[in-house]
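Peer 1: Mind looking over this structure? Questions follow.
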Amino acid sequence: MSAPAYPTTWRRPPQIIRDRRWRIAIQIGIVVYFVLAVGTVEVNWARVQAGLERGQLFVLGFLQPDFTSRWRDISQGLIESLTMTLTSTVVGVAISVPIGIGAARNLAPRWVYYICRSIIAVSRALQEVIIAIFFVAMFGFGPLAGFLTLSFATIGFIAKLLADDIEEIDEAQAEAVRATGASWGQLVNYAIQPQVMPRLIGLSLYRLDINFRESAVIGIVGAGGIGATLNTAIDRYEYDSAGAILLIIIAIVMVAEYSSSYLRKFLQ
Amino acid sequence: MTEITHYSQVWSYRTPRGRLLLWGGWVALVALFVWCWQLMTKDTIWFFVADAPRQAADIGGRMVPPRWSYMDELWGPLWDTINIATLGTLGGVIMAVPVAFLAARNTTPSALILQPVALFIIVASRSINSLIWALLLVAIIGPGLLAGIVAIALRSIGFIGKLLYEAIEETDAKQIEAIEATGASRAQVLSYGIVPQIMPTFWGITVFRWDINIRESTILGLVGAGGIGLKLQASLNTLAWSQVSVILLLILATVVLSEWVSARMRHAII
Amino acid sequence: MLMLEGLSKTYKTGDAALRDVSLTVPKGQIMGLIGPSGAGKSTLIRCINRLVEPTGGKVVLGDVDLVRLGKADLRRQRRRIGMIFQEYALVERLTVMENVLSGRLGYVPFWRSFLRKYPPADIQRAYQLLDRVGLMEHADKRADALSGGQRQRVGIARALAQDPELLLVDEPTASLDPKTSRQIMRLLTEICAERGLPAIVNIHDVPLAQQFMQRIVGLRAGQVVFDGTPDQLTHEALTAIYGAEDWNEMRRGDEEQTRAEADARDRMAALAR
């Protein structure tokens, strides 16, 4: 009449890697990697210690930003960044639309598809900064190089997402338009455009936001914009001006994010 | 014959007002574009621009053939680059997790003070590119790997924090309620009710960010924060374009490989 | 024994979900709570363990008034009250065993629960409960790998792992098919009888309530409008609770179900032959 004895221990069964040996091997591997990785990080602690003081200065600069003494440089950089952002987004999107249509499997002939997809692949694989280095070398310092960089990067982003969107459209609607005897142009206009337009607008606004952030970076390699101003300010150890610039960037990004989400809601 | 009904022969897609708005919008956009274009290019030296094709041909000519022997000097910096990305991701995760819990509506201990602070940390970290973080850190703690690792970590906080706090806010409230009903403490509700629900998302985000960080850490060296970018900077400074092409190919290969690894890992998790 | 005295709840929107509800549930009694949706059934049982904060009145379990407790004391009292949920509310990504053990959370310190190092007695009891609800061999499976009926059994085991003095059951069968619903109700009533455990069961299915409950309380617009045995639940009483028509539909639906079930049983028997 004794009750059946139940186990008094329980271990959670492993969820992902079920083989015990593999688990141990992977754990050891991770530990070894971290030991090696941390081992090869050479840190000049004296320099870091000295740097902490500067870090304090920077935090102070961030808390008490100085907008006025370098305002001319800052405003010049901002104008460059903002104009660069807008023009590159407009041009980038304008070029992306035909490339995006060309890169959609269900609309374009094979050879066009491959050409457009490889343009997209090149644009996505290379980072903005690296592209900017080349454009600066070719076109000289200044915002024009930045504009070209951002336009090129926009193509990879917008055209890819647009092409993916077109490939995923509701085939039934396209079929219905095709059945009326519409030409290819009419098909794009009547069946594709209404389906992808809202998302294209949304993506363009999102890209506008990204382009502004990137415009702050490519200035470091000489492509104009607020990044160049920031680079100068940091080189001169003017942390209060640098803090002001960073705060402006953060504020503009916040405003852009907020207004683009509002605009997207408004347009739909 | 009298006309029985009259059908309009004019049909328009939008109301007159809608059309006007649409046209006005387009005109405004074009005007804005032209104005911006003029502002932007007022200091452009068009001589350089006209010269660009020749420059491009020149650079292109110097880039091929790549100087493959230079590859031997790149393995060390590549290892550093991967370490910057991995250790930076680790640091970012460690800092992002508490921030995410403070920022999420359903877990924040104080909606008045801590939540806005956490949200500001996330926005600030997201708005500033890792290269800018690196620029700052190189100025503060000196050039080297550490600056790169910290830069990557600081940039990752915003990305991981944002996606994670959204995941926390989307958790199933019923499961959490059930754990609360057992008399669990706050910490226990977190570890039993919320953590299991966000775990897959968490790993997905982390691997995804690691992939992005590999990409970003390849260029941090341009501002002195270590890794393969240092070699890129050195080669650019000496106009050694045949070395630049080797470095770019190596970066490309690394990025493709890390993308593949992260896709495989995310696939295994989900 | 559970005593509710003048329990009221008014939501921030101004909706009065409960108005002055007074009830006593003695030891070992299974009480069904019926009423149209929006009558305040869910609010009532959530006010008892204060998942919803009542705005007035008393909830006395044994000799403790739960409404007055601070946070820490409330947690200590919550472990005396087991709760079973409508859609099981298991932690889907944890194993069945972890879900059952989570019933012990109120008893163990954080580090034990975090490392899954529960005291041997707890684990033994968890196995015993799993055996009782018939899920012994599923202990290591993840909760989302189980069927609806099995998940609700895990939910029952989790509530019992708390060693509760009271069970709150919120629509235990709402997402189950009729046959599984009956099995779950039978299991619940058996377990309550074994342990002399009082229970409050929210239930929208009147025939099911009549079949399994010892006492039925009808709520309408936050007020008790019926309190009696299942036999006393007459046509007039149901009209008082639900208004005209509604409940008749349910009854007819139930007759159909029983017929369909009998039919299916016959056919299965024929197949087996």
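Labels used: A, B, ... for chains in the order of the structure tokens, numbers from 1 for residues in each chain, and numbers from 1 for ligands as shown.
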Show me, as a tab-separated table, the residues of chain C having an atom within 6 Å of chain A, each with the closest atom pair and its distance in Å, using only C-alpha atoms.

Peer 2:
```
residue	atom	partner	partner_atom	distance
C:Pro120	CA	A:Thr8	CA	4.6
C:Ile123	CA	A:Thr8	CA	5.3
C:Gln124	CA	A:Thr8	CA	4.7
```

Peer 1: For chain B against chain C, with a cut-off of 10 Å and counting only C-alpha atoms, what is the closest atom pair and its distance in Å to one decimal for every residue that makes the cut, ordered by chain and number, as a Markdown table?

Peer 2:
```
| residue | atom | partner | partner_atom | distance |
| --- | --- | --- | --- | --- |
| B:Asp172 | CA | C:Ala89 | CA | 8.8 |
| B:Ala173 | CA | C:Ala89 | CA | 8.8 |
| B:Lys174 | CA | C:Ala89 | CA | 5.4 |
| B:Gln175 | CA | C:Ala89 | CA | 4.7 |
| B:Ile176 | CA | C:Val91 | CA | 8.1 |
| B:Glu177 | CA | C:Leu51 | CA | 7.5 |
| B:Ala178 | CA | C:Ala89 | CA | 6.1 |
| B:Ile179 | CA | C:Ser102 | CA | 7.2 |
| B:Glu180 | CA | C:Leu51 | CA | 7.9 |
| B:Ala181 | CA | C:Arg78 | CA | 6.3 |
| B:Thr182 | CA | C:Arg79 | CA | 5.2 |
| B:Gly183 | CA | C:Arg75 | CA | 4.4 |
| B:Ala184 | CA | C:Gly106 | CA | 4.7 |
| B:Ser185 | CA | C:Arg75 | CA | 7.1 |
| B:Arg186 | CA | C:Phe110 | CA | 9.6 |
| B:Ala187 | CA | C:Phe110 | CA | 7.0 |
| B:Gln188 | CA | C:Phe110 | CA | 6.2 |
| B:Val189 | CA | C:Leu105 | CA | 8.9 |
| B:Ser191 | CA | C:Phe114 | CA | 6.9 |
| B:Tyr192 | CA | C:Val91 | CA | 7.5 |
| B:Gly193 | CA | C:Val91 | CA | 6.5 |
| B:Ile194 | CA | C:Val91 | CA | 8.8 |
| B:Val195 | CA | C:Arg93 | CA | 9.7 |
| B:Pro196 | CA | C:Arg93 | CA | 5.9 |
| B:Gln197 | CA | C:Arg93 | CA | 6.6 |
| B:Ile198 | CA | C:Arg93 | CA | 9.6 |
| B:Met199 | CA | C:Arg93 | CA | 9.0 |
| B:Pro200 | CA | C:Arg93 | CA | 9.6 |
```

Peer 1: Using only C-alpha atoms, find which residues of chain B lie within 7 Å of chain A and jot them down as a VMD selection string.

Peer 2: chain B and resid 33 36 to 37 40 to 41 44 48 to 49 52 55 to 56 83 124 127 129 131 to 132 136 139 to 142 145 to 146 252

Peer 1: What separation in Å, quoted to one decimal, exists between CA of Glu175 (chain A) and CA of Leu107 (chain A)?

Peer 2: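 We find that CA of Glu175 (chain A) and CA of Leu107 (chain A) lie 12.3 Å from each other.
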
Peer 1: To one decimal place in Å, what is the distance between CA of Ala256 (chain A) and CA of Phe157 (chain A)?

Peer 2: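 Computing the Euclidean distance for CA of Ala256 (chain A) and CA of Phe157 (chain A) yields 18.4 Å.
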
Peer 1: Just asking: which residues within region 51-221 of chain C are strand (DSSP E or B) according to DSSP, as a PyMOL selection string?

Peer 2: chain C and resi 56-61+64-65+81-84+95+142+166-170+199-202+215-220
